[in-house]
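Let me begin by presenting the structure, written as structure tokens, before commenting on it.
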Amino acid sequence: MRYPFPLVIFDLDGTLVDSLSDIAEALNLTLADLSLPPVDEATVRGWIGEGVRSLVASALQAAHASQPLDAVMPGFMRHYGECLLHHPRLYPGVAAALEGLRARGAILAICTNKPSRFVAPLLEHLGIAGYFAAVLGGDSLPERKPDAAPLLHLCAQFEQPPSRALMVGDSAVDAAAANAAQVPLALVRYGYLRGLDPMRSGARWVMDDLQELLAIDAAA
């Protein structure tokens, strides 16, 4: 049986991949370079979701640092690249969900705010690169989530109306992008919700395991 949504678009961090420890490590190495105190992973979790510039800006603001963000970002990006593959892992159910969706004929894509040069190595390292027909990073287009443009770009690329695509994410940024693009939304509870109530996000489906995607009925 064909999947009810021909195009399924995934967020990456917090949806498919738990990369929190590597992001926190890169951020703390950056803070150490500036002689600033480290932050714990729970704090970093609350800053993830709007791209790396927002992440670093949040850390600098919390530390009352005077360094300009543009001056700090090159160091962070270097550390991020070095830490990228230290401890990432797929969330439970991800591999089975991707395989099941592909078996039912869905086209799979990624739309993330992670810088694009870090996406392919991560997907290859985790063994899931081959599932995705397209990958958009946070710098692939002039706009990024929560703007609707990346989702609409993928819909146009695969000649699908927004109503025939499904956005799968974990954050307010994902919800805002999907709602703006009028793409049906599924949210996972285990990612970077940052206080977002998934039941009030506009999501048609809220789940604890991505394998629940395989039971979705488009008419629900």
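In the structure tokens, each chain is lettered A, B, ... as it comes, each chain's residues begin at 1, and ligands are numbered from 1 in order of appearance.
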Checklist entry - Can you tell me, as a list in words, what residues are no more than 9 Å from Val39 of chain A when counting only C-alpha atoms, ignoring any on the same chain fewer than 6 positions away? => result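 So, after excluding close chain neighbours, the residues are Ala24, Leu27, Asn28, Leu31 and Ala59 of chain A.
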Checklist entry - Neighbours of Lys145 of chain A within 8 Å (only C-alpha atoms; same-chain residues fewer than 5 positions away dropped), as a ChimeraX atom specification? => result /A:50,112-113,138,150,173-174,176-177
Write to file, as a compact mmCIF listing (two decimals), in the first residue's frame, the residues of the selection just made, with all heavy atoms.
```txt
# COMPACT_ATOMS: atom_id res chain seq x y z
N GLU A 50 17.06 26.92 16.26
CA GLU A 50 16.96 28.04 15.33
C GLU A 50 18.26 28.29 14.58
O GLU A 50 18.47 29.38 14.04
CB GLU A 50 16.52 29.30 16.08
CG GLU A 50 15.14 29.17 16.71
CD GLU A 50 14.69 30.42 17.42
OE1 GLU A 50 15.32 31.48 17.21
OE2 GLU A 50 13.72 30.34 18.18
N THR A 112 16.65 21.09 7.40
CA THR A 112 17.25 21.39 8.70
C THR A 112 17.85 22.78 8.69
O THR A 112 18.21 23.30 7.63
CB THR A 112 18.33 20.35 9.04
OG1 THR A 112 19.01 20.73 10.25
CG2 THR A 112 19.38 20.25 7.93
N ASN A 113 17.98 23.36 9.87
CA ASN A 113 18.69 24.64 9.99
C ASN A 113 20.17 24.43 10.28
O ASN A 113 20.91 25.41 10.44
CB ASN A 113 18.04 25.51 11.07
CG ASN A 113 16.79 26.21 10.57
OD1 ASN A 113 16.54 26.28 9.38
ND2 ASN A 113 15.99 26.72 11.49
N GLY A 138 20.51 24.85 6.56
CA GLY A 138 20.09 26.19 6.93
C GLY A 138 20.63 27.28 6.04
O GLY A 138 20.13 28.41 6.06
N PRO A 150 11.65 26.94 2.42
CA PRO A 150 12.33 25.66 2.20
C PRO A 150 11.36 24.50 1.95
O PRO A 150 11.61 23.65 1.09
CB PRO A 150 13.13 25.45 3.49
CG PRO A 150 13.35 26.83 4.03
CD PRO A 150 12.10 27.56 3.69
N VAL A 173 9.98 25.90 15.53
CA VAL A 173 10.46 26.32 14.21
C VAL A 173 9.88 25.43 13.11
O VAL A 173 9.43 25.90 12.07
CB VAL A 173 12.01 26.30 14.17
CG1 VAL A 173 12.52 26.51 12.76
CG2 VAL A 173 12.56 27.38 15.09
N ASP A 174 9.88 24.11 13.36
CA ASP A 174 9.31 23.18 12.39
C ASP A 174 7.81 23.42 12.25
O ASP A 174 7.27 23.41 11.13
CB ASP A 174 9.55 21.75 12.83
CG ASP A 174 11.03 21.40 12.90
OD1 ASP A 174 11.78 21.86 12.02
OD2 ASP A 174 11.42 20.66 13.82
N ALA A 176 6.11 26.18 12.83
CA ALA A 176 5.84 27.45 12.15
C ALA A 176 6.05 27.34 10.65
O ALA A 176 5.26 27.86 9.86
CB ALA A 176 6.73 28.55 12.74
N ALA A 177 7.11 26.64 10.25
CA ALA A 177 7.37 26.47 8.82
C ALA A 177 6.26 25.67 8.15
O ALA A 177 5.78 26.02 7.07
CB ALA A 177 8.72 25.80 8.62
```
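Distance annotation: of A:Leu101, A:Ala32, A:Leu166, A:Cys111, the residue with the minimal separation from Arg144 of chain A is A:Cys111; atom set is only C-alpha atoms.
When the distance limit is 7 Å and only C-alpha atoms are what count, the residues near Tyr192 of chain A, minus those fewer than 6 positions from it on the same chain, are A:Gly14, A:Arg45, A:Ile48, A:Gly49, A:Asp170, A:Ser171.
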Those residues with C-alpha atoms, as a PDB file, in the first residue's frame please?
```
ATOM      1  CA  GLY A  14      15.947  16.376  17.636  1.00  0.00           C
ATOM      2  CA  ARG A  45      19.087  21.789  24.778  1.00  0.00           C
ATOM      3  CA  ILE A  48      18.879  24.407  19.929  1.00  0.00           C
ATOM      4  CA  GLY A  49      16.413  24.727  17.085  1.00  0.00           C
ATOM      5  CA  ASP A 170      10.270  18.450  16.934  1.00  0.00           C
ATOM      6  CA  SER A 171      10.223  22.201  17.497  1.00  0.00           C
TER       7      SER A 171
END
```
Item to check | Pick from A:Val44, A:Ala149, A:Ala109, A:Ala175 nearest to Ile9 of chain A, counting only C-alpha atoms | outcome: A:Ala109
